[in-house]
>>> print(open('data_10.csv').read())   # CSV, C-alpha atoms
chain,number,residue,atom,x,y,z
M,246,MET,CA,-30.5,3.2,10.1
M,247,ARG,CA,-28.2,0.2,10.0
M,248,ASN,CA,-27.1,-1.8,13.0
M,249,TRP,CA,-23.4,-1.6,13.0
M,250,HIS,CA,-22.6,-3.7,16.1
M,251,ASN,CA,-21.0,-7.0,15.2
M,252,GLU,CA,-22.6,-6.8,11.8
M,253,VAL,CA,-22.5,-9.9,9.6
M,254,MET,CA,-24.0,-9.5,6.1
M,255,PRO,CA,-27.3,-11.5,5.8
M,256,ASP,CA,-27.3,-14.3,3.3
M,257,SER,CA,-29.8,-12.3,1.2
M,258,ASP,CA,-27.2,-9.5,0.8
M,259,LYS,CA,-24.2,-11.7,0.0
M,260,SER,CA,-24.7,-11.4,-3.8
M,261,ARG,CA,-24.9,-7.6,-3.8
M,262,CYS,CA,-22.1,-5.2,-4.6
M,263,ILE,CA,-20.1,-4.1,-1.6
M,264,ARG,CA,-20.5,-0.3,-1.3
M,265,PHE,CA,-17.7,2.0,-0.4
M,266,GLY,CA,-17.1,5.7,0.1
M,267,MET,CA,-13.9,7.6,-0.6
M,268,VAL,CA,-12.2,10.4,1.5
M,269,GLY,CA,-10.0,12.5,-0.8
M,270,GLY,CA,-9.6,11.8,-4.5
M,271,GLY,CA,-11.0,15.0,-5.8
M,272,ALA,CA,-9.8,17.3,-8.6
M,273,GLY,CA,-6.1,16.9,-9.3
M,274,SER,CA,-5.8,13.5,-7.4
M,275,PHE,CA,-3.8,10.8,-9.1
M,276,ILE,CA,-4.6,7.9,-6.7
M,277,GLY,CA,-8.3,8.6,-6.2
M,278,PRO,CA,-9.4,7.5,-9.7
M,279,VAL,CA,-7.0,4.6,-9.5
M,280,HIS,CA,-8.7,3.4,-6.4
M,281,ARG,CA,-12.1,3.7,-8.0
M,282,MET,CA,-11.0,1.8,-11.2
M,283,ALA,CA,-9.4,-1.0,-9.2
M,284,ALA,CA,-12.3,-1.3,-6.8
M,285,GLU,CA,-14.9,-1.6,-9.6
M,286,LEU,CA,-12.8,-3.8,-12.0
M,287,ASP,CA,-14.5,-7.0,-11.1
M,288,GLY,CA,-18.0,-5.6,-10.7
M,289,ASN,CA,-18.6,-6.6,-7.1
M,290,ILE,CA,-17.6,-3.3,-5.4
M,291,ARG,CA,-19.1,0.1,-6.2
M,292,LEU,CA,-18.3,3.7,-5.2
M,293,VAL,CA,-21.5,5.3,-3.9
M,294,ALA,CA,-20.4,8.2,-1.7
M,295,GLY,CA,-17.5,10.4,-0.8
M,296,ALA,CA,-16.0,13.4,0.8
M,297,PHE,CA,-13.7,14.3,-2.1
M,298,SER,CA,-12.7,17.8,-0.9
M,299,SER,CA,-13.2,20.0,2.2
M,300,ASP,CA,-14.8,22.5,-0.2
M,301,ALA,CA,-18.5,21.5,-0.6
M,302,GLY,CA,-18.6,22.7,-4.3
M,303,ARG,CA,-15.5,20.8,-5.3
M,304,SER,CA,-16.7,17.7,-3.5
M,305,ARG,CA,-20.0,17.8,-5.5
M,306,GLU,CA,-18.1,18.4,-8.7
M,307,ALA,CA,-15.9,15.4,-8.0
M,308,GLY,CA,-18.9,13.3,-7.1
M,309,LEU,CA,-20.5,14.2,-10.5
M,310,HIS,CA,-17.3,13.2,-12.2
M,311,TYR,CA,-17.5,9.8,-10.5
M,312,GLY,CA,-21.2,9.5,-11.4
M,313,LEU,CA,-22.6,9.9,-7.9
M,314,SER,CA,-25.9,11.4,-6.7
M,315,PRO,CA,-25.2,15.0,-5.4
M,316,GLU,CA,-26.6,14.2,-1.9
M,317,ARG,CA,-23.9,11.6,-1.4
M,318,SER,CA,-21.0,13.9,-2.1
M,319,TYR,CA,-20.2,15.4,1.3
M,320,SER,CA,-18.2,18.4,2.4
M,321,SER,CA,-16.3,16.5,5.2
M,322,TYR,CA,-15.5,13.0,6.2
M,323,ALA,CA,-17.5,13.6,9.4
M,324,ALA,CA,-20.5,14.4,7.4
M,325,LEU,CA,-19.9,11.4,5.1
M,326,PHE,CA,-19.9,9.0,8.0
M,327,ALA,CA,-22.8,10.5,9.8
M,328,GLY,CA,-24.9,10.6,6.6
M,329,GLU,CA,-24.0,7.1,5.5
M,330,ARG,CA,-24.9,5.6,8.9
M,331,GLN,CA,-28.4,6.8,8.5
M,332,ARG,CA,-29.0,5.0,5.2
M,333,ASP,CA,-30.1,1.5,4.7
M,334,ASP,CA,-27.9,1.5,1.5
M,335,GLY,CA,-25.0,3.1,3.3
M,336,ILE,CA,-21.3,2.3,2.6
M,337,ASP,CA,-19.7,-0.9,3.9
M,338,PHE,CA,-16.2,0.5,4.0
M,339,VAL,CA,-14.2,3.7,3.4
M,340,ALA,CA,-11.1,4.2,1.2
M,341,ILE,CA,-8.7,6.8,2.4
M,342,VAL,CA,-6.8,8.5,-0.4
M,343,THR,CA,-5.7,11.7,1.2
M,344,PRO,CA,-2.3,13.1,2.0
M,345,ASN,CA,-0.6,11.3,4.9
M,346,HIS,CA,-1.4,13.7,7.7
M,347,LEU,CA,-5.1,12.9,7.4
M,348,HIS,CA,-4.8,9.1,7.4
M,349,LEU,CA,-5.0,8.8,11.2
M,350,PRO,CA,-7.9,11.2,11.9
M,351,VAL,CA,-10.0,9.8,9.0
M,352,ALA,CA,-9.4,6.2,9.9
M,353,LYS,CA,-10.1,7.0,13.6
M,354,ALA,CA,-13.5,8.6,12.7
M,355,ALA,CA,-14.4,5.8,10.3
M,356,LEU,CA,-13.6,3.0,12.8
M,357,GLU,CA,-15.4,4.7,15.6
M,358,GLN,CA,-18.5,5.0,13.4
M,359,GLY,CA,-18.3,1.3,12.6
M,360,PHE,CA,-16.9,1.4,9.1
M,361,HIS,CA,-14.2,-0.9,7.8
M,362,VAL,CA,-11.2,1.0,6.4
M,363,LEU,CA,-8.9,0.4,3.4
M,364,SER,CA,-6.2,3.1,3.4
M,365,ASP,CA,-3.6,4.2,1.0
M,366,LYS,CA,-0.1,3.9,2.3
M,367,PRO,CA,1.7,4.8,4.5
M,368,ALA,CA,-0.6,4.0,7.4
M,369,THR,CA,0.1,7.3,9.1
M,370,ALA,CA,2.4,10.3,9.1
M,371,THR,CA,4.6,9.1,12.1
M,372,LEU,CA,5.3,5.9,14.0
M,373,ALA,CA,3.6,7.3,17.1
M,374,GLU,CA,0.4,7.8,15.1
M,375,GLY,CA,0.8,4.3,13.8
M,376,LEU,CA,0.8,2.9,17.3
M,377,THR,CA,-2.4,4.9,18.1
M,378,LEU,CA,-4.0,3.6,15.0
M,379,ARG,CA,-3.2,0.0,15.8
M,380,GLU,CA,-4.9,0.4,19.2
M,381,LEU,CA,-8.0,1.9,17.5
M,382,VAL,CA,-8.1,-1.0,15.0
M,383,GLN,CA,-7.8,-3.6,17.7
M,384,ARG,CA,-10.6,-2.0,19.8
M,385,SER,CA,-12.9,-1.4,16.9
M,386,GLY,CA,-13.4,-5.0,15.7
M,387,ARG,CA,-13.4,-3.6,12.1
M,388,LEU,CA,-11.3,-4.6,9.2
M,389,TYR,CA,-8.3,-2.4,8.3
M,390,GLY,CA,-6.2,-2.9,5.2
M,391,LEU,CA,-3.6,-1.0,3.3
M,392,THR,CA,-3.1,-0.7,-0.5
M,393,TYR,CA,0.5,-1.8,-0.7
M,394,THR,CA,-0.2,-2.3,-4.4
M,395,TYR,CA,2.7,-4.5,-5.5
M,396,THR,CA,1.6,-7.3,-3.1
M,397,GLY,CA,-1.4,-7.7,-5.5
M,398,TYR,CA,0.7,-8.8,-8.5
M,399,GLY,CA,0.3,-12.5,-9.2
M,400,LEU,CA,4.0,-13.1,-9.7
M,401,VAL,CA,4.9,-11.3,-6.6
M,402,ARG,CA,2.6,-13.7,-4.7
M,403,GLU,CA,4.3,-16.6,-6.6
M,404,ALA,CA,7.8,-15.2,-5.5
M,405,ARG,CA,6.5,-15.2,-1.9
M,406,ARG,CA,5.5,-18.9,-2.3
M,407,ILE,CA,8.8,-19.8,-3.8
M,408,CYS,CA,10.7,-18.2,-0.8
M,409,ALA,CA,8.4,-19.8,1.8
M,410,ARG,CA,8.8,-23.2,0.2
M,411,GLY,CA,12.5,-23.0,0.5
M,412,ASP,CA,13.3,-23.4,-3.2
M,413,LEU,CA,16.1,-20.9,-3.0
M,414,GLY,CA,17.6,-22.3,0.1
M,415,ALA,CA,18.4,-20.0,3.0
M,416,ILE,CA,18.2,-16.3,1.8
M,417,ARG,CA,21.6,-14.7,1.8
M,418,LYS,CA,21.0,-11.3,0.1
M,419,VAL,CA,18.2,-9.1,-1.1
M,420,VAL,CA,18.4,-6.0,-3.3
M,421,VAL,CA,15.3,-3.8,-3.8
M,422,GLU,CA,15.2,-0.6,-5.8
M,423,TYR,CA,12.4,1.9,-6.4
M,424,SER,CA,13.6,4.8,-8.6
M,425,GLN,CA,11.6,7.7,-10.0
M,426,GLY,CA,12.7,10.9,-11.6
M,427,TRP,CA,9.6,13.1,-11.4
M,428,LEU,CA,11.0,15.2,-8.5
M,429,ALA,CA,14.3,15.9,-10.2
M,430,GLU,CA,13.3,19.6,-10.3
M,431,ARG,CA,11.6,21.6,-7.5
M,432,ILE,CA,8.2,21.4,-9.0
M,433,GLU,CA,6.5,21.7,-5.6
M,434,SER,CA,7.2,25.4,-5.9
M,435,THR,CA,5.2,25.7,-9.1
M,436,GLY,CA,1.9,24.6,-7.7
M,437,GLN,CA,2.1,21.0,-8.7
M,438,ARG,CA,-0.3,19.5,-6.1
M,439,GLN,CA,1.1,16.0,-6.0
M,440,ALA,CA,4.6,17.3,-5.4
M,441,ALA,CA,3.5,20.0,-3.0
M,442,TRP,CA,2.0,17.8,-0.3
M,443,ARG,CA,4.7,15.1,-0.7
M,444,CYS,CA,7.4,17.7,0.0
M,445,ASP,CA,5.6,19.3,2.9
M,446,PRO,CA,6.5,17.8,6.3
M,447,ALA,CA,3.1,19.1,7.7
M,448,GLN,CA,1.3,16.9,5.2
M,449,ALA,CA,3.7,14.0,4.4
M,450,GLY,CA,5.2,13.4,7.8
M,451,ILE,CA,8.8,12.9,8.8
M,452,GLY,CA,9.8,11.2,5.5
M,453,GLY,CA,9.7,12.3,1.9
M,454,CYS,CA,10.9,9.8,-0.6
M,455,ILE,CA,11.4,7.2,2.2
M,456,GLY,CA,7.8,7.5,3.2
M,457,ASP,CA,6.3,7.7,-0.2
M,458,ILE,CA,8.0,4.9,-2.2
M,459,GLY,CA,10.7,3.6,0.2
M,460,VAL,CA,7.9,2.0,2.3
M,461,HIS,CA,6.7,0.2,-0.9
M,462,ALA,CA,10.2,-1.3,-1.4
M,463,PHE,CA,10.5,-2.2,2.3
M,464,ASN,CA,7.1,-3.9,2.3
M,465,LEU,CA,7.8,-5.8,-0.9
M,466,LEU,CA,11.0,-7.1,0.6
M,467,GLU,CA,9.3,-8.4,3.7
M,468,PHE,CA,6.3,-9.7,1.9
M,469,VAL,CA,8.2,-11.8,-0.6
M,470,THR,CA,11.0,-13.1,1.7
M,471,GLY,CA,9.0,-13.6,4.8
M,472,LEU,CA,11.9,-12.1,6.7
M,473,ARG,CA,11.8,-9.0,8.9
M,474,VAL,CA,14.3,-6.2,8.6
M,475,ALA,CA,16.1,-6.0,12.0
M,476,GLU,CA,18.4,-3.0,11.5
M,477,VAL,CA,19.1,-0.2,9.0
M,478,ALA,CA,22.0,2.1,8.2
M,479,ALA,CA,20.5,4.9,6.1
M,480,GLN,CA,21.6,7.9,4.2
M,481,LEU,CA,18.6,10.1,3.3
M,482,SER,CA,19.4,13.2,1.2
M,483,SER,CA,17.6,16.3,0.1
M,484,VAL,CA,19.3,16.6,-3.3
M,485,VAL,CA,17.2,19.4,-4.8
M,486,PRO,CA,18.1,22.7,-3.2
M,487,GLY,CA,15.4,24.1,-1.0
M,488,ARG,CA,13.6,20.8,-0.5
M,489,LEU,CA,12.4,20.2,3.1
M,490,LEU,CA,12.2,16.4,3.0
M,491,ASP,CA,14.4,13.6,1.6
M,492,ASP,CA,14.3,12.9,-2.1
M,493,ASP,CA,17.0,10.2,-2.4
M,494,CYS,CA,17.6,7.3,-0.1
M,495,ASN,CA,20.3,4.7,0.2
M,496,VAL,CA,19.8,2.1,2.9
M,497,LEU,CA,21.8,-0.9,4.1
M,498,LEU,CA,19.6,-3.5,5.8
M,499,ARG,CA,20.3,-6.4,8.1
M,500,LEU,CA,17.6,-9.1,7.9
M,501,GLY,CA,16.3,-11.1,10.8
M,502,ASN,CA,18.3,-14.2,9.7
M,503,GLY,CA,21.5,-12.1,9.6
M,504,ALA,CA,21.6,-11.7,5.8
M,505,PRO,CA,22.5,-8.3,4.3
M,506,ALA,CA,20.2,-6.4,2.0
M,507,VAL,CA,20.2,-3.1,0.1
M,508,LEU,CA,17.3,-0.7,-0.5
M,509,VAL,CA,17.5,2.2,-2.9
M,510,ALA,CA,14.7,4.7,-3.3
M,511,SER,CA,15.0,7.9,-5.3
M,512,GLN,CA,12.6,10.5,-6.8
M,513,ILE,CA,15.4,12.5,-8.4
M,514,ALA,CA,16.8,9.8,-10.7
M,515,ALA,CA,16.3,11.7,-13.9
M,516,GLY,CA,14.9,9.6,-16.6
M,517,GLU,CA,13.5,6.9,-14.4
M,518,ARG,CA,9.7,6.4,-14.4
M,519,ASN,CA,8.6,3.9,-11.9
M,520,GLY,CA,11.6,1.6,-11.6
M,521,LEU,CA,10.7,-1.0,-8.9
M,522,THR,CA,12.8,-4.1,-8.9
M,523,LEU,CA,13.4,-7.0,-6.4
M,524,LYS,CA,16.2,-9.5,-6.4
M,525,VAL,CA,16.4,-12.3,-3.8
M,526,TYR,CA,19.5,-14.6,-3.6
M,527,GLY,CA,19.6,-17.8,-1.6
M,528,GLU,CA,22.0,-20.7,-1.2
M,529,ARG,CA,20.8,-22.5,-4.3
M,530,GLY,CA,19.6,-19.7,-6.6
M,531,GLY,CA,17.9,-16.4,-7.0
M,532,LEU,CA,14.8,-14.7,-8.3
M,533,ALA,CA,14.1,-11.4,-9.9
M,534,TRP,CA,11.0,-9.4,-10.5
M,535,SER,CA,10.5,-6.0,-12.1
M,536,HIS,CA,7.5,-3.7,-12.3
M,537,ASP,CA,8.4,-2.9,-15.9
M,538,ALA,CA,7.7,-6.6,-16.8
M,539,PRO,CA,5.3,-7.7,-14.0
M,540,ASN,CA,4.1,-10.8,-15.9
M,541,ARG,CA,7.5,-12.4,-15.8
M,542,LEU,CA,9.4,-13.9,-12.9
M,543,THR,CA,13.0,-15.0,-13.5
M,544,LEU,CA,14.5,-17.9,-11.5
M,545,SER,CA,18.2,-18.5,-11.7
M,546,ALA,CA,19.8,-21.6,-10.3
M,547,LEU,CA,23.4,-22.0,-9.0
M,548,ASP,CA,24.3,-24.3,-11.9
M,549,GLY,CA,23.6,-21.6,-14.4
M,550,ASP,CA,20.1,-22.7,-15.4
M,551,THR,CA,17.5,-20.0,-15.9
M,552,ARG,CA,13.8,-20.4,-15.9
M,553,ILE,CA,11.2,-17.7,-16.6
M,554,LEU,CA,7.7,-18.0,-15.2
M,555,HIS,CA,4.9,-16.2,-17.1
M,556,GLY,CA,1.7,-14.9,-15.5
M,557,GLY,CA,-1.7,-16.1,-16.5
M,558,ALA,CA,-4.9,-17.5,-14.9
M,559,ASN,CA,-4.2,-20.9,-16.6
M,560,ALA,CA,-0.4,-20.9,-16.1
M,561,PRO,CA,0.3,-24.5,-15.0
M,562,ALA,CA,3.7,-23.6,-13.4
M,563,LEU,CA,2.2,-21.2,-10.9
M,564,GLY,CA,0.6,-22.0,-7.6
M,565,GLU,CA,-3.1,-21.6,-7.0
M,566,VAL,CA,-2.8,-18.2,-5.2
M,567,ALA,CA,-0.8,-16.7,-8.0
M,568,ARG,CA,-3.2,-18.0,-10.7
M,569,ALA,CA,-6.1,-16.6,-8.8
M,570,ALA,CA,-4.5,-13.1,-9.1
M,571,PHE,CA,-4.8,-13.2,-12.9
M,572,ARG,CA,-8.0,-12.6,-14.8
M,573,LEU,CA,-6.7,-13.5,-18.3
M,574,PRO,CA,-4.9,-16.6,-19.7
M,575,LEU,CA,-1.2,-16.8,-20.6
M,576,GLY,CA,0.0,-14.3,-23.1
M,577,HIS,CA,-2.4,-11.5,-22.1
M,578,PRO,CA,-0.6,-8.9,-20.0
M,579,GLU,CA,-2.0,-7.6,-16.8
M,580,GLY,CA,-0.7,-4.7,-14.7
M,581,TYR,CA,-1.1,-2.1,-12.1
M,582,ILE,CA,-4.9,-1.7,-12.0
M,583,GLU,CA,-5.3,-5.5,-11.8
M,584,ALA,CA,-2.8,-5.8,-8.9
M,585,PHE,CA,-4.6,-2.9,-7.1
M,586,ALA,CA,-7.9,-4.7,-7.8
M,587,ASN,CA,-6.7,-7.9,-6.2
M,588,ILE,CA,-6.3,-6.1,-2.9
M,589,TYR,CA,-9.8,-4.6,-3.2
M,590,ARG,CA,-11.2,-8.0,-4.1
M,591,ASP,CA,-9.6,-9.8,-1.2
M,592,PHE,CA,-10.7,-7.1,1.2
M,593,ALA,CA,-14.2,-7.0,-0.1
M,594,ALA,CA,-14.5,-10.8,0.3
M,595,LEU,CA,-13.7,-10.4,4.0
M,596,VAL,CA,-16.2,-7.5,4.3
M,597,ARG,CA,-18.9,-9.6,2.6
M,598,ALA,CA,-18.3,-12.5,5.0
M,599,GLY,CA,-18.1,-10.3,8.1
M,600,ASP,CA,-14.9,-12.1,8.8
M,601,THR,CA,-12.4,-9.9,10.7
M,602,GLY,CA,-10.6,-12.9,12.1
M,603,SER,CA,-9.3,-14.0,8.7
M,604,LEU,CA,-7.6,-10.8,7.8
M,605,GLN,CA,-4.2,-11.7,9.3
M,606,SER,CA,-4.1,-14.9,7.3
M,607,SER,CA,-5.2,-13.2,4.1
M,608,LEU,CA,-2.9,-11.5,1.6
M,609,VAL,CA,-4.4,-8.0,2.4
M,610,PRO,CA,-1.7,-5.9,4.1
M,611,THR,CA,-2.9,-5.2,7.6
M,612,ILE,CA,-2.2,-2.6,10.3
M,613,ASP,CA,0.8,-4.7,11.3
M,614,ALA,CA,2.3,-4.2,7.8
M,615,GLY,CA,1.4,-0.5,8.1
M,616,LEU,CA,3.2,-0.3,11.5
M,617,ARG,CA,6.2,-2.1,10.1
M,618,GLY,CA,6.4,0.5,7.4
M,619,MET,CA,6.3,3.4,9.9
M,620,ALA,CA,8.9,1.7,12.0
M,621,PHE,CA,11.2,1.5,9.0
M,622,VAL,CA,10.7,5.2,8.1
M,623,ASP,CA,11.3,6.2,11.7
M,624,ALA,CA,14.5,4.1,11.9
M,625,ALA,CA,15.8,5.3,8.6
M,626,VAL,CA,15.3,8.9,9.5
M,627,ARG,CA,17.0,8.5,12.9
M,628,SER,CA,19.8,6.5,11.4
M,629,SER,CA,20.5,9.2,8.8
M,630,ARG,CA,20.5,11.9,11.4
M,631,ALA,CA,23.0,9.9,13.4
M,632,GLY,CA,25.5,9.7,10.5
M,633,SER,CA,24.1,6.4,9.1
M,634,ALA,CA,24.4,4.6,12.4
M,635,TRP,CA,23.0,1.1,12.5
M,636,THR,CA,19.5,1.5,14.0
M,637,ALA,CA,17.0,-1.1,15.0
M,638,VAL,CA,13.6,-1.2,13.2
M,639,ASN,CA,11.3,-1.2,16.3
M,640,GLU,CA,7.6,-0.6,16.6
M,641,SER,CA,8.3,1.7,19.6
M,642,PRO,CA,9.4,5.3,19.0
M,643,GLY,CA,13.0,6.2,20.0
M,644,ILE,CA,14.2,2.6,20.5
M,645,GLY,CA,17.2,1.2,18.8
>>> encode(input="data_10.csv", output="structure tokens")
Amino acid sequence: MRNWHNEVMPDSDKSRCIRFGMVGGGAGSFIGPVHRMAAELDGNIRLVAGAFSSDAGRSREAGLHYGLSPERSYSSYAALFAGERQRDDGIDFVAIVTPNHLHLPVAKAALEQGFHVLSDKPATATLAEGLTLRELVQRSGRLYGLTYTYTGYGLVREARRICARGDLGAIRKVVVEYSQGWLAERIESTGQRQAAWRCDPAQAGIGGCIGDIGVHAFNLLEFVTGLRVAEVAAQLSSVVPGRLLDDDCNVLLRLGNGAPAVLVASQIAAGERNGLTLKVYGERGGLAWSHDAPNRLTLSALDGDTRILHGGANAPALGEVARAAFRLPLGHPEGYIEAFANIYRDFAALVRAGDTGSLQSSLVPTIDAGLRGMAFVDAAVRSSRAGSAWTAVNESPGIG
């Protein structure tokens, strides 16, 4: 049995693969296989165990699909943590890829059993749960990260550097949009599993579209600009008849420096696929990045000059952090899996070093980013219910 108290990986183990287990990600899961592909892309992390379903047979089937030994496919997350604690080759961290309502209980159990946690977003189903989770993380001494995937893109990290360096001057306006069309019809009533839980308040939490993709747009804005959203005036709509949660969101934002911003998130924009875009405008120029062309960052100066930065591990125009996010030289496109893998790689490096103190200064989204996302969802929902009244984004329920 491993000693989990203040564990630092011995020097003799620092060349081995980091081992992780997965909760969720069984048959019908979209994001589970994505997590597995991203984690294993660089060959230094390996999926070795999981509780892929609450049904023991389905969990075993999922484990076989992932190439795992049957005894390491557990019927519950409690059994997973108990079993892996007893093994000398047990998991180092757990990836949570369940519907939102399970994020808190699974993370709580993992942290209390001494495991590091990397969770899919949002952190929890509600802001109150997020506050509880932050306390658990702080008490545990374990690492906790979130897969806000788009922060892993090299040119998103370069955009962050450009803003921090002041190249654009003081930021005056930001526009971020995340539009999808896959929920333009009420497919949750047809048995489509991905739609069913996202449209169910008991599983998704208080927000539908705002909590599913709106938090990604919000996180991207704050990550790149370095500014915090102070207030929101939101209109959240359930456009498709019979839908219980919002599926279209239009939000005015006021940033901490007083600048205005606009956030649009929709899952009923028929014809849209995964349309995430960010535009930041400063005193001297602006930048634009799109998920449709993630290896290109457009910089536009006030004098009309336009410069395009291209992604690549050897791109001389990029900073060191951005170059490190690419695995291939200029001209070879990289995308979603590589961005996802960057978060896993950064998180695993901290696990390997046993370095919980460096998480805040890393690029891995932390519980603080998770709590910011939940505060945004909470404020947007309250604002919309109050007729789009300006509402403070506060990490305390009911304030603002």
>>> residues_around(input="data_10.csv", residues="M:Val339", least_positions_apart="5", cutoff="6 Å", atoms="all atoms listed in the file", output="list in words")
Phe265, Gly266, Met267 and Val362 of chain M
>>> write_last_selection(input="data_10.csv", atoms="C-alpha atoms", output="CSV table (one decimal), keeping the file's coordinate frame")
chain,number,residue,atom,x,y,z
M,265,PHE,CA,-17.7,2.0,-0.4
M,266,GLY,CA,-17.1,5.7,0.1
M,267,MET,CA,-13.9,7.6,-0.6
M,362,VAL,CA,-11.2,1.0,6.4
>>> closest_residue(input="data_10.csv", among="M:Tyr398, M:Glu517, M:Ala625, M:Ala340", to="M:Arg572", atoms="all atoms listed in the file")
M:Tyr398
>>> closest_residue(input="data_10.csv", among="M:His361, M:Arg438, M:Lys418, M:Arg617", to="M:Leu595", atoms="all atoms listed in the file")
M:His361
>>> atom_distance(input="data_10.csv", atom1="atom CA of M:Arg417", atom2="atom CA of M:Phe463")
16.7 Å
>>> residues_around(input="data_10.csv", residues="M:His536", least_positions_apart="5", cutoff="7 Å", atoms="only C-alpha atoms", output="PyMOL selection string")
chain M and resi 520-522
>>> residues_around(input="data_10.csv", residues="M:Gln512", least_positions_apart="2", cutoff="6 Å", atoms="only C-alpha atoms", output="PyMOL selection string")
chain M and resi 425-426+428+492+514
>>> closest_residue(input="data_10.csv", among="M:Val474, M:Ala515, M:Ala429, M:Ile290", to="M:Glu640", atoms="only C-alpha atoms")
M:Val474
>>> residues_around(input="data_10.csv", residues="M:Phe621", least_positions_apart="2", cutoff="8 Å", atoms="all atoms listed in the file", output="ChimeraX atom specification")
/M:460,463,617-619,623-625,638-639
>>> write_last_selection(input="data_10.csv", atoms="C-alpha atoms", output="mmCIF file, in the coordinates of the input")
data_model
loop_
_atom_site.group_PDB
_atom_site.id
_atom_site.type_symbol
_atom_site.label_atom_id
_atom_site.label_comp_id
_atom_site.auth_asym_id
_atom_site.auth_seq_id
_atom_site.Cartn_x
_atom_site.Cartn_y
_atom_site.Cartn_z
ATOM 1 C CA VAL M 460 7.900 2.000 2.300
ATOM 2 C CA PHE M 463 10.500 -2.200 2.300
ATOM 3 C CA ARG M 617 6.200 -2.100 10.100
ATOM 4 C CA GLY M 618 6.400 0.500 7.400
ATOM 5 C CA MET M 619 6.300 3.400 9.900
ATOM 6 C CA ASP M 623 11.300 6.200 11.700
ATOM 7 C CA ALA M 624 14.500 4.100 11.900
ATOM 8 C CA ALA M 625 15.800 5.300 8.600
ATOM 9 C CA VAL M 638 13.600 -1.200 13.200
ATOM 10 C CA ASN M 639 11.300 -1.200 16.300
#
>>> closest_residue(input="data_10.csv", among="M:Leu363, M:Thr601, M:Cys408, M:Arg568", to="M:Ser385", atoms="only C-alpha atoms")
M:Thr601
>>> closest_residue(input="data_10.csv", among="M:Tyr581, M:Phe338, M:Trp442, M:Tyr322", to="M:Cys262", atoms="all atoms listed in the file")
M:Phe338
>>> closest_residue(input="data_10.csv", among="M:Ser321, M:Gln480, M:Thr394, M:Thr369", to="M:Gly295", atoms="all atoms listed in the file")
M:Ser321
>>> residues_around(input="data_10.csv", residues="M:Phe297", least_positions_apart="3", cutoff="8 Å", atoms="all atoms listed in the file", output="count of residues only")
13
>>> atom_distance(input="data_10.csv", atom1="atom CA of M:Thr371", atom2="atom CA of M:Arg499")
22.4 Å
>>> atom_distance(input="data_10.csv", atom1="atom CA of M:Leu356", atom2="atom CA of M:Glu380")
11.1 Å
>>> build_atoms(input="data_10.csv", residues="stretch 452-464 of chain M", atoms="N, CA and C atoms", output="CSV table (one decimal), keeping the file's coordinate frame")
chain,number,residue,atom,x,y,z
M,452,GLY,N,9.0,11.7,6.7
M,452,GLY,CA,9.8,11.2,5.5
M,452,GLY,C,9.2,11.7,4.2
M,453,GLY,N,10.1,12.0,3.3
M,453,GLY,CA,9.7,12.3,1.9
M,453,GLY,C,9.7,11.1,1.0
M,454,CYS,N,10.7,10.9,0.3
M,454,CYS,CA,10.9,9.8,-0.6
M,454,CYS,C,10.8,8.5,0.2
M,455,ILE,N,11.4,8.4,1.4
M,455,ILE,CA,11.4,7.2,2.2
M,455,ILE,C,10.0,6.8,2.6
M,456,GLY,N,9.1,7.8,2.8
M,456,GLY,CA,7.8,7.5,3.2
M,456,GLY,C,6.8,7.3,2.1
M,457,ASP,N,7.2,7.8,0.9
M,457,ASP,CA,6.3,7.7,-0.2
M,457,ASP,C,6.5,6.4,-1.0
M,458,ILE,N,7.8,6.2,-1.4
M,458,ILE,CA,8.0,4.9,-2.2
M,458,ILE,C,9.0,4.0,-1.5
M,459,GLY,N,9.8,4.5,-0.5
M,459,GLY,CA,10.7,3.6,0.2
M,459,GLY,C,9.9,2.6,1.0
M,460,VAL,N,8.7,3.0,1.5
M,460,VAL,CA,7.9,2.0,2.3
M,460,VAL,C,7.4,0.9,1.4
M,461,HIS,N,7.1,1.2,0.1
M,461,HIS,CA,6.7,0.2,-0.9
M,461,HIS,C,7.8,-0.8,-1.1
M,462,ALA,N,9.1,-0.3,-1.2
M,462,ALA,CA,10.2,-1.3,-1.4
M,462,ALA,C,10.4,-2.1,-0.2
M,463,PHE,N,10.3,-1.5,1.0
M,463,PHE,CA,10.5,-2.2,2.3
M,463,PHE,C,9.4,-3.3,2.4
M,464,ASN,N,8.2,-2.9,2.1
M,464,ASN,CA,7.1,-3.9,2.3
M,464,ASN,C,7.2,-5.0,1.3
